[in-house]
Amino acid sequence: RKGGPVPAGRRAAAPTAPPPAPPRRTSPVSTMVVLGSGGHTAEMVRLLSSLAVGPRYAPLTYVVSASDTTSLQFVAALAAEKNATTTAHRPHSVCVIPRAREVGQSYLTSVVTTLHAAAVSCGILVRRRPQLLLCNGPGTCVPLVVWAFVCRVVCGGRTQVVYVESFCRVRSLSLTGKIVYPLVDRFVVHWPELAADLPMAECLPTEAGRPLI
């Protein structure tokens, strides 16, 4: 259906023949971006730089974990380094999700903290109701992806989920990728070798400015 959600079970096009770009929107797309740490955030900033976030993907909400104190600073620094406009990378809002499990935490107590993180994630998604949830690998995105899928199946939620696998994943998926693969609307990889074994994956030139939805 033109302009509607992309079916989660859609078979992807071959890497050499990517599917046609989505129709041009006349209104901005409310977007939620999940930030990780280190390499994940660096890759996400590069992706945002190519998407002209300011005019098309707005308002923009960044989601970070409670223990992540560097991602937002890294976003601003890398955006300035690449001469991106400040409006394209300035967070309209920031949401914080508690970590499901801290390093060294026992598995027994992690059940409680995991449920807490899941509840907070659900609340964020329900309050913000983004049209696009964009993530690229950090475990923080898993509860958000799961809730977006549940909302779409149970109550016809409108959030489309686009997952972009890490650039360093050439022949195998990350653990996060394996978990969210059957739940997302679009699953994007960078390497044809990886896309060849994943019927639902798309190997797209995501840095060429092609719209995500």
# chains A, B, ... in the order shown; residues from 1 in each chain; ligands from 1

$ residues_around --residues "A:Gln131" --least-positions-apart "5" --cutoff "9 Å" --atoms "only C-alpha atoms" --output "list in words"
Val29, Ser30, Thr31, Met32, Arg158, Thr159, Gln160 and Val161 of chain A

$ select_by_dssp --residues "stretch 98-195 of chain A" --states "strand (DSSP E)" --output "PDB file with N, CA, C and O atoms, in the first residue's frame"
ATOM      1  N   LEU A 132       9.183   6.606  12.768  1.00  0.00           N
ATOM      2  CA  LEU A 132      10.365   5.824  12.401  1.00  0.00           C
ATOM      3  C   LEU A 132      11.223   5.575  13.634  1.00  0.00           C
ATOM      4  O   LEU A 132      11.534   6.515  14.374  1.00  0.00           O
ATOM      5  N   LEU A 133      11.582   4.309  13.849  1.00  0.00           N
ATOM      6  CA  LEU A 133      12.549   3.932  14.878  1.00  0.00           C
ATOM      7  C   LEU A 133      13.793   3.437  14.158  1.00  0.00           C
ATOM      8  O   LEU A 133      13.750   2.455  13.425  1.00  0.00           O
ATOM      9  N   LEU A 134      14.895   4.152  14.341  1.00  0.00           N
ATOM     10  CA  LEU A 134      16.134   3.853  13.628  1.00  0.00           C
ATOM     11  C   LEU A 134      17.190   3.379  14.615  1.00  0.00           C
ATOM     12  O   LEU A 134      17.492   4.059  15.589  1.00  0.00           O
ATOM     13  N   CYS A 135      17.741   2.202  14.376  1.00  0.00           N
ATOM     14  CA  CYS A 135      18.761   1.664  15.283  1.00  0.00           C
ATOM     15  C   CYS A 135      19.794   0.883  14.478  1.00  0.00           C
ATOM     16  O   CYS A 135      19.546   0.479  13.347  1.00  0.00           O
ATOM     17  N   GLN A 160       7.417   2.428  12.072  1.00  0.00           N
ATOM     18  CA  GLN A 160       8.205   1.565  11.210  1.00  0.00           C
ATOM     19  C   GLN A 160       9.617   1.476  11.774  1.00  0.00           C
ATOM     20  O   GLN A 160      10.197   2.480  12.183  1.00  0.00           O
ATOM     21  N   VAL A 161      10.158   0.270  11.799  1.00  0.00           N
ATOM     22  CA  VAL A 161      11.472   0.031  12.393  1.00  0.00           C
ATOM     23  C   VAL A 161      12.471  -0.281  11.288  1.00  0.00           C
ATOM     24  O   VAL A 161      12.271  -1.201  10.492  1.00  0.00           O
ATOM     25  N   VAL A 162      13.540   0.495  11.250  1.00  0.00           N
ATOM     26  CA  VAL A 162      14.631   0.262  10.302  1.00  0.00           C
ATOM     27  C   VAL A 162      15.887  -0.046  11.107  1.00  0.00           C
ATOM     28  O   VAL A 162      16.324   0.764  11.929  1.00  0.00           O
ATOM     29  N   TYR A 163      16.446  -1.208  10.863  1.00  0.00           N
ATOM     30  CA  TYR A 163      17.663  -1.631  11.552  1.00  0.00           C
ATOM     31  C   TYR A 163      18.800  -1.672  10.541  1.00  0.00           C
ATOM     32  O   TYR A 163      18.694  -2.312   9.489  1.00  0.00           O
ATOM     33  N   VAL A 164      19.889  -0.985  10.866  1.00  0.00           N
ATOM     34  CA  VAL A 164      21.069  -0.966  10.003  1.00  0.00           C
ATOM     35  C   VAL A 164      22.189  -1.702  10.728  1.00  0.00           C
ATOM     36  O   VAL A 164      22.668  -1.249  11.768  1.00  0.00           O
ATOM     37  N   ARG A 186      12.485  -3.001   7.909  1.00  0.00           N
ATOM     38  CA  ARG A 186      13.590  -3.048   6.951  1.00  0.00           C
ATOM     39  C   ARG A 186      14.861  -3.404   7.710  1.00  0.00           C
ATOM     40  O   ARG A 186      15.156  -2.840   8.765  1.00  0.00           O
ATOM     41  N   PHE A 187      15.613  -4.320   7.140  1.00  0.00           N
ATOM     42  CA  PHE A 187      16.865  -4.778   7.739  1.00  0.00           C
ATOM     43  C   PHE A 187      17.959  -4.511   6.722  1.00  0.00           C
ATOM     44  O   PHE A 187      18.018  -5.141   5.664  1.00  0.00           O
ATOM     45  N   VAL A 188      18.826  -3.558   7.034  1.00  0.00           N
ATOM     46  CA  VAL A 188      19.825  -3.079   6.069  1.00  0.00           C
ATOM     47  C   VAL A 188      21.215  -3.560   6.470  1.00  0.00           C
ATOM     48  O   VAL A 188      21.606  -3.445   7.636  1.00  0.00           O
ATOM     49  N   VAL A 189      21.945  -4.101   5.511  1.00  0.00           N
ATOM     50  CA  VAL A 189      23.338  -4.503   5.736  1.00  0.00           C
ATOM     51  C   VAL A 189      24.212  -3.788   4.715  1.00  0.00           C
ATOM     52  O   VAL A 189      23.734  -3.258   3.711  1.00  0.00           O
TER      53      VAL A 189
END

$ closest_residue --among "A:Pro192, A:Gly157, A:Pro98, A:Pro59" --to "A:Gly139" --atoms "only C-alpha atoms"
A:Pro98

$ closest_residue --among "A:Pro143, A:Val154, A:Glu43, A:Glu193" --to "A:Ile179" --atoms "only C-alpha atoms"
A:Pro143

$ closest_atom_pairs --of "stretch 132-184 of chain A" --to "stretch 114-122 of chain A" --cutoff "12 Å" --atoms "only C-alpha atoms" --output "tab-separated table"
residue	atom	partner	partner_atom	distance
A:Gly139	CA	A:Ala117	CA	11.4
A:Thr140	CA	A:Ala117	CA	9.0
A:Cys141	CA	A:Ser121	CA	8.9
A:Val142	CA	A:Ala118	CA	9.1
A:Pro143	CA	A:Ala118	CA	5.6
A:Leu144	CA	A:Ser121	CA	5.7
A:Val145	CA	A:Ser121	CA	9.4
A:Val146	CA	A:Cys122	CA	9.2
A:Trp147	CA	A:Cys122	CA	6.1
A:Ala148	CA	A:Cys122	CA	8.4
A:Phe149	CA	A:Cys122	CA	11.2
A:Val150	CA	A:Cys122	CA	10.1
A:Cys151	CA	A:Cys122	CA	9.6

$ write_last_selection --atoms "all heavy atoms" --output "mmCIF file, in the first residue's frame"
data_model
loop_
_atom_site.group_PDB
_atom_site.id
_atom_site.type_symbol
_atom_site.label_atom_id
_atom_site.label_comp_id
_atom_site.auth_asym_id
_atom_site.auth_seq_id
_atom_site.Cartn_x
_atom_site.Cartn_y
_atom_site.Cartn_z
ATOM 1 N N GLY A 139 22.400 -2.962 22.249
ATOM 2 C CA GLY A 139 21.364 -3.756 22.896
ATOM 3 C C GLY A 139 20.224 -2.923 23.434
ATOM 4 O O GLY A 139 19.116 -3.437 23.650
ATOM 5 N N THR A 140 20.462 -1.635 23.645
ATOM 6 C CA THR A 140 19.418 -0.737 24.138
ATOM 7 C C THR A 140 18.201 -0.718 23.223
ATOM 8 O O THR A 140 17.078 -0.477 23.673
ATOM 9 C CB THR A 140 19.977 0.705 24.256
ATOM 10 O OG1 THR A 140 21.180 0.676 25.017
ATOM 11 C CG2 THR A 140 18.982 1.633 24.913
ATOM 12 N N CYS A 141 18.406 -1.000 21.944
ATOM 13 C CA CYS A 141 17.301 -0.911 20.997
ATOM 14 C C CYS A 141 16.364 -2.104 21.049
ATOM 15 O O CYS A 141 15.222 -2.017 20.580
ATOM 16 C CB CYS A 141 17.832 -0.737 19.573
ATOM 17 S SG CYS A 141 18.488 -2.248 18.814
ATOM 18 N N VAL A 142 16.788 -3.224 21.631
ATOM 19 C CA VAL A 142 15.991 -4.450 21.575
ATOM 20 C C VAL A 142 14.607 -4.278 22.183
ATOM 21 O O VAL A 142 13.600 -4.614 21.548
ATOM 22 C CB VAL A 142 16.750 -5.627 22.211
ATOM 23 C CG1 VAL A 142 15.843 -6.854 22.314
ATOM 24 C CG2 VAL A 142 17.994 -5.963 21.395
ATOM 25 N N PRO A 143 14.477 -3.775 23.438
ATOM 26 C CA PRO A 143 13.117 -3.633 23.974
ATOM 27 C C PRO A 143 12.256 -2.673 23.172
ATOM 28 O O PRO A 143 11.035 -2.885 23.039
ATOM 29 C CB PRO A 143 13.355 -3.117 25.410
ATOM 30 C CG PRO A 143 14.740 -2.582 25.423
ATOM 31 C CD PRO A 143 15.498 -3.384 24.427
ATOM 32 N N LEU A 144 12.855 -1.628 22.601
ATOM 33 C CA LEU A 144 12.082 -0.694 21.784
ATOM 34 C C LEU A 144 11.570 -1.372 20.515
ATOM 35 O O LEU A 144 10.418 -1.177 20.114
ATOM 36 C CB LEU A 144 12.944 0.516 21.425
ATOM 37 C CG LEU A 144 13.243 1.489 22.572
ATOM 38 C CD1 LEU A 144 14.372 2.437 22.171
ATOM 39 C CD2 LEU A 144 12.005 2.281 22.953
ATOM 40 N N VAL A 145 12.424 -2.170 19.885
ATOM 41 C CA VAL A 145 12.016 -2.887 18.678
ATOM 42 C C VAL A 145 10.903 -3.886 18.996
ATOM 43 O O VAL A 145 9.915 -4.004 18.261
ATOM 44 C CB VAL A 145 13.218 -3.613 18.046
ATOM 45 C CG1 VAL A 145 12.767 -4.527 16.909
ATOM 46 C CG2 VAL A 145 14.237 -2.604 17.523
ATOM 47 N N VAL A 146 11.047 -4.587 20.110
ATOM 48 C CA VAL A 146 10.031 -5.572 20.502
ATOM 49 C C VAL A 146 8.693 -4.892 20.755
ATOM 50 O O VAL A 146 7.641 -5.345 20.276
ATOM 51 C CB VAL A 146 10.488 -6.347 21.749
ATOM 52 C CG1 VAL A 146 9.352 -7.221 22.275
ATOM 53 C CG2 VAL A 146 11.701 -7.208 21.420
ATOM 54 N N TRP A 147 8.711 -3.786 21.494
ATOM 55 C CA TRP A 147 7.461 -3.082 21.783
ATOM 56 C C TRP A 147 6.840 -2.500 20.524
ATOM 57 O O TRP A 147 5.610 -2.513 20.368
ATOM 58 C CB TRP A 147 7.703 -1.981 22.812
ATOM 59 C CG TRP A 147 7.792 -2.460 24.227
ATOM 60 C CD1 TRP A 147 8.855 -2.304 25.074
ATOM 61 C CD2 TRP A 147 6.802 -3.177 24.967
ATOM 62 N NE1 TRP A 147 8.588 -2.883 26.294
ATOM 63 C CE2 TRP A 147 7.336 -3.420 26.257
ATOM 64 C CE3 TRP A 147 5.521 -3.631 24.668
ATOM 65 C CZ2 TRP A 147 6.618 -4.097 27.238
ATOM 66 C CZ3 TRP A 147 4.807 -4.320 25.660
ATOM 67 C CH2 TRP A 147 5.350 -4.544 26.915
ATOM 68 N N ALA A 148 7.649 -1.989 19.610
ATOM 69 C CA ALA A 148 7.114 -1.461 18.355
ATOM 70 C C ALA A 148 6.419 -2.566 17.564
ATOM 71 O O ALA A 148 5.346 -2.344 16.974
ATOM 72 C CB ALA A 148 8.238 -0.833 17.530
ATOM 73 N N PHE A 149 7.018 -3.757 17.571
ATOM 74 C CA PHE A 149 6.424 -4.899 16.876
ATOM 75 C C PHE A 149 5.106 -5.311 17.535
ATOM 76 O O PHE A 149 4.102 -5.546 16.859
ATOM 77 C CB PHE A 149 7.409 -6.066 16.874
ATOM 78 C CG PHE A 149 6.877 -7.320 16.232
ATOM 79 C CD1 PHE A 149 6.851 -7.445 14.849
ATOM 80 C CD2 PHE A 149 6.401 -8.370 17.005
ATOM 81 C CE1 PHE A 149 6.353 -8.596 14.252
ATOM 82 C CE2 PHE A 149 5.898 -9.510 16.418
ATOM 83 C CZ PHE A 149 5.875 -9.629 15.036
ATOM 84 N N VAL A 150 5.107 -5.375 18.869
ATOM 85 C CA VAL A 150 3.891 -5.764 19.601
ATOM 86 C C VAL A 150 2.772 -4.760 19.347
ATOM 87 O O VAL A 150 1.619 -5.143 19.093
ATOM 88 C CB VAL A 150 4.189 -5.879 21.111
ATOM 89 C CG1 VAL A 150 2.898 -6.049 21.900
ATOM 90 C CG2 VAL A 150 5.121 -7.047 21.385
ATOM 91 N N CYS A 151 3.103 -3.471 19.402
ATOM 92 C CA CYS A 151 2.088 -2.443 19.177
ATOM 93 C C CYS A 151 1.511 -2.524 17.764
ATOM 94 O O CYS A 151 0.307 -2.328 17.560
ATOM 95 C CB CYS A 151 2.683 -1.060 19.416
ATOM 96 S SG CYS A 151 3.035 -0.687 21.153
#

$ closest_residue --among "A:Tyr57, A:Thr176, A:Ser67, A:Phe74" --to "A:Val45" --atoms "only C-alpha atoms"
A:Phe74

$ closest_residue --among "A:Leu194, A:Ile124, A:Ala100, A:Cys168" --to "A:Val63" --atoms "only C-alpha atoms"
A:Ile124
